[in-house]
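Participant: First, the structure itself, so that you have it in front of you.
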Amino acid sequence: LDASASVATSYLWRGQDLGQGDAALAVDLSDSMGAVSYGLWVSSGDATNGTEYDLYASYAGSVGEIGYSVGAAQYNYPGKAGKEESIEYIYGLSYGPASVTVFDGKGTDYEYTVVGYEAGAFSFAYGDDETTTHFDVSYAVNDSLTLTVSEPEDADTIVVASYALPF
């Protein structure tokens, strides 16, 4: 069982500051059995929907040098009437440091795609959900501290510092 707690200067999600400038606290509990991973993530930072907890699971493997994953995430907002939960199916492909991940909203037309690239301590992500896009650059200062600059298409630049501590 893996566990971590984190604090971030804001709740950055798909190029949006869901915390509207407020800090976010989160806890993540995860485990895996072979190729199957699963977990629980809880956060305080969503200013509109309140406290959030997510349940997630995935199956991952590879064929030669091509990695793949198939999974699902359930997003829950117990304090928000009419927004109690939503589910996304998640499909991913990777080759070396490059990846493409699609988040497909169950029972909706919503789809979010992110193209990522890892280069040492840097990571780059371009996300698109058909209504807006964003480009993120992250730098892992060490195993716990990460700095991210997100450039949303139609909004101000968002800068986030996050600190995670495993326990």
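Within each chain, counting starts at residue 1; across the structure tokens, chains are named A, B, ... in the order shown, with ligands numbered 1 upward in that order.
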Pull the strand (DSSP E) assignments for chain A out of DSSP run on the backbone, and list those residues as a PyMOL selection string.
Facilitator: chain A and resi 2-8+12-13+16-17+24-33+36-46+50-63+66-76+85-95+98-105+111-119+122-128+133-140+145-152+158-166
Participant: Given only C-alpha atoms, how would the per-residue table for region 57-138 of chain A near region 40-52 of chain A read, listing every residue at most 8 Å away with its closest atom pair and distance in Å to one decimal, sorted by chain and number, as a tab-separated table?
Facilitator:
```
residue	atom	partner	partner_atom	distance
A:Tyr75	CA	A:Glu52	CA	7.0
A:Asn76	CA	A:Glu52	CA	5.6
A:Tyr77	CA	A:Glu52	CA	4.8
A:Pro78	CA	A:Glu52	CA	7.2
A:Gly79	CA	A:Gly50	CA	6.4
A:Lys80	CA	A:Asn49	CA	5.7
A:Lys83	CA	A:Asn49	CA	7.5
```
Participant: Would you save the residues from that selection as a short mmCIF file (atom, residue, chain, number, x, y, z; two decimals), in the first residue's frame, using C-alpha atoms?
Facilitator:
```
data_model
loop_
_atom_site.label_atom_id
_atom_site.label_comp_id
_atom_site.auth_asym_id
_atom_site.auth_seq_id
_atom_site.Cartn_x
_atom_site.Cartn_y
_atom_site.Cartn_z
CA TYR A 75 -15.16 11.54 -9.23
CA ASN A 76 -17.35 12.11 -6.16
CA TYR A 77 -18.52 15.38 -4.56
CA PRO A 78 -20.52 14.41 -1.47
CA GLY A 79 -21.39 17.98 -0.49
CA LYS A 80 -22.62 19.13 -3.91
CA LYS A 83 -22.91 16.69 -8.76
#
```
Participant: Please build the interface table for region 57-87 of chain A against region 106-118 of chain A with a cut-off of 12 Å, listing for each qualifying residue the nearest atom pair and the distance in Å to one decimal; count only C-alpha atoms, order rows by chain and increasing number, and write it as CSV.
Facilitator:
```
residue,atom,partner,partner_atom,distance
A:Ala72,CA,A:Lys106,CA,9.5
A:Ala73,CA,A:Lys106,CA,10.0
A:Gln74,CA,A:Lys106,CA,9.8
A:Tyr75,CA,A:Lys106,CA,11.6
A:Glu85,CA,A:Lys106,CA,11.1
A:Ser86,CA,A:Lys106,CA,7.6
A:Ile87,CA,A:Lys106,CA,5.6
```
Participant: For Gly39 (chain A), please output as a VMD selection string all residues within 6 Å (counting only C-alpha atoms; exclusion window: fewer than 2 positions along the same chain).
Facilitator: chain A and resid 29 to 30 55 to 56
Participant: Any chance you can output those residues with C-alpha atoms as a CSV table (one decimal), in the first residue's frame?
Facilitator:
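The resulting file, out.csv, is shown below:
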```csv
chain,number,residue,atom,x,y,z
A,29,LEU,CA,-3.9,5.8,-1.1
A,30,SER,CA,-3.0,3.3,-3.8
A,55,LEU,CA,-11.8,6.1,-6.8
A,56,TYR,CA,-9.7,4.8,-9.7
```
Participant: Find the spatial neighbours of region 152-155 of chain A, counting only C-alpha atoms, within a cut-off of 6 Å - ignore same-chain residues fewer than 2 positions away - and output them as number ranges by chain.
Facilitator: A: 15, 133-134
Participant: Ser58 (chain A): which residues within 8 Å, counting only C-alpha atoms, same-chain residues fewer than 5 positions away excluded, as a PyMOL selection string?
Facilitator: chain A and resi 36-38+69-72
Participant: Go through A:Asp143, A:Asp22, A:Asp28, A:Asp136 one by one, measure the shortest atom-to-atom distance of each to Ser6 (chain A) using only C-alpha atoms, and give the residue with the smallest value.
Facilitator: A:Asp28
Participant: For Leu145 (chain A), list every protein, DNA or RNA residue within 9 Å, evaluated using only C-alpha atoms, and leave out those in the same chain fewer than 4 positions away; present the list as a list in words.
Facilitator: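 Once the nearby chain positions are removed, what remains is Tyr139, Ala140, Val141, Ala161, Ser162, Tyr163, Ala164 and Leu165 of chain A.
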Participant: Take the residues that were just selected and, keeping N, CA, C and O atoms, output them as a PDB file, in the first residue's frame.
Facilitator:
```pdb
ATOM      1  N   TYR A 139       8.432  21.071 -13.511  1.00  0.00           N
ATOM      2  CA  TYR A 139       9.811  20.773 -13.148  1.00  0.00           C
ATOM      3  C   TYR A 139       9.812  20.151 -11.759  1.00  0.00           C
ATOM      4  O   TYR A 139       9.336  20.762 -10.798  1.00  0.00           O
ATOM      5  N   ALA A 140      10.334  18.924 -11.660  1.00  0.00           N
ATOM      6  CA  ALA A 140      10.439  18.237 -10.377  1.00  0.00           C
ATOM      7  C   ALA A 140      11.745  18.663  -9.722  1.00  0.00           C
ATOM      8  O   ALA A 140      12.826  18.209 -10.116  1.00  0.00           O
ATOM      9  N   VAL A 141      11.657  19.553  -8.748  1.00  0.00           N
ATOM     10  CA  VAL A 141      12.842  20.046  -8.051  1.00  0.00           C
ATOM     11  C   VAL A 141      13.525  18.888  -7.326  1.00  0.00           C
ATOM     12  O   VAL A 141      14.743  18.757  -7.337  1.00  0.00           O
ATOM     13  N   ALA A 161       2.968  25.536  -7.119  1.00  0.00           N
ATOM     14  CA  ALA A 161       4.008  24.793  -6.410  1.00  0.00           C
ATOM     15  C   ALA A 161       3.295  23.727  -5.590  1.00  0.00           C
ATOM     16  O   ALA A 161       2.298  24.019  -4.914  1.00  0.00           O
ATOM     17  N   SER A 162       3.769  22.497  -5.688  1.00  0.00           N
ATOM     18  CA  SER A 162       3.145  21.422  -4.909  1.00  0.00           C
ATOM     19  C   SER A 162       4.227  20.620  -4.176  1.00  0.00           C
ATOM     20  O   SER A 162       5.324  20.426  -4.697  1.00  0.00           O
ATOM     21  N   TYR A 163       3.879  20.191  -2.992  1.00  0.00           N
ATOM     22  CA  TYR A 163       4.790  19.426  -2.156  1.00  0.00           C
ATOM     23  C   TYR A 163       4.059  18.168  -1.708  1.00  0.00           C
ATOM     24  O   TYR A 163       3.004  18.237  -1.084  1.00  0.00           O
ATOM     25  N   ALA A 164       4.626  17.010  -2.042  1.00  0.00           N
ATOM     26  CA  ALA A 164       4.025  15.722  -1.680  1.00  0.00           C
ATOM     27  C   ALA A 164       4.990  14.959  -0.773  1.00  0.00           C
ATOM     28  O   ALA A 164       6.211  14.980  -0.991  1.00  0.00           O
ATOM     29  N   LEU A 165       4.428  14.304   0.204  1.00  0.00           N
ATOM     30  CA  LEU A 165       5.229  13.556   1.147  1.00  0.00           C
ATOM     31  C   LEU A 165       4.640  12.156   1.321  1.00  0.00           C
ATOM     32  O   LEU A 165       3.507  12.017   1.778  1.00  0.00           O
TER      33      LEU A 165
END
```
Participant: I want to know what sits within 8 Å of Ser94 (chain A), based on only C-alpha atoms, with residues of the same chain fewer than 2 positions away left out; could you give that as a PyMOL selection string?
Facilitator: chain A and resi 66-68+92+96-100
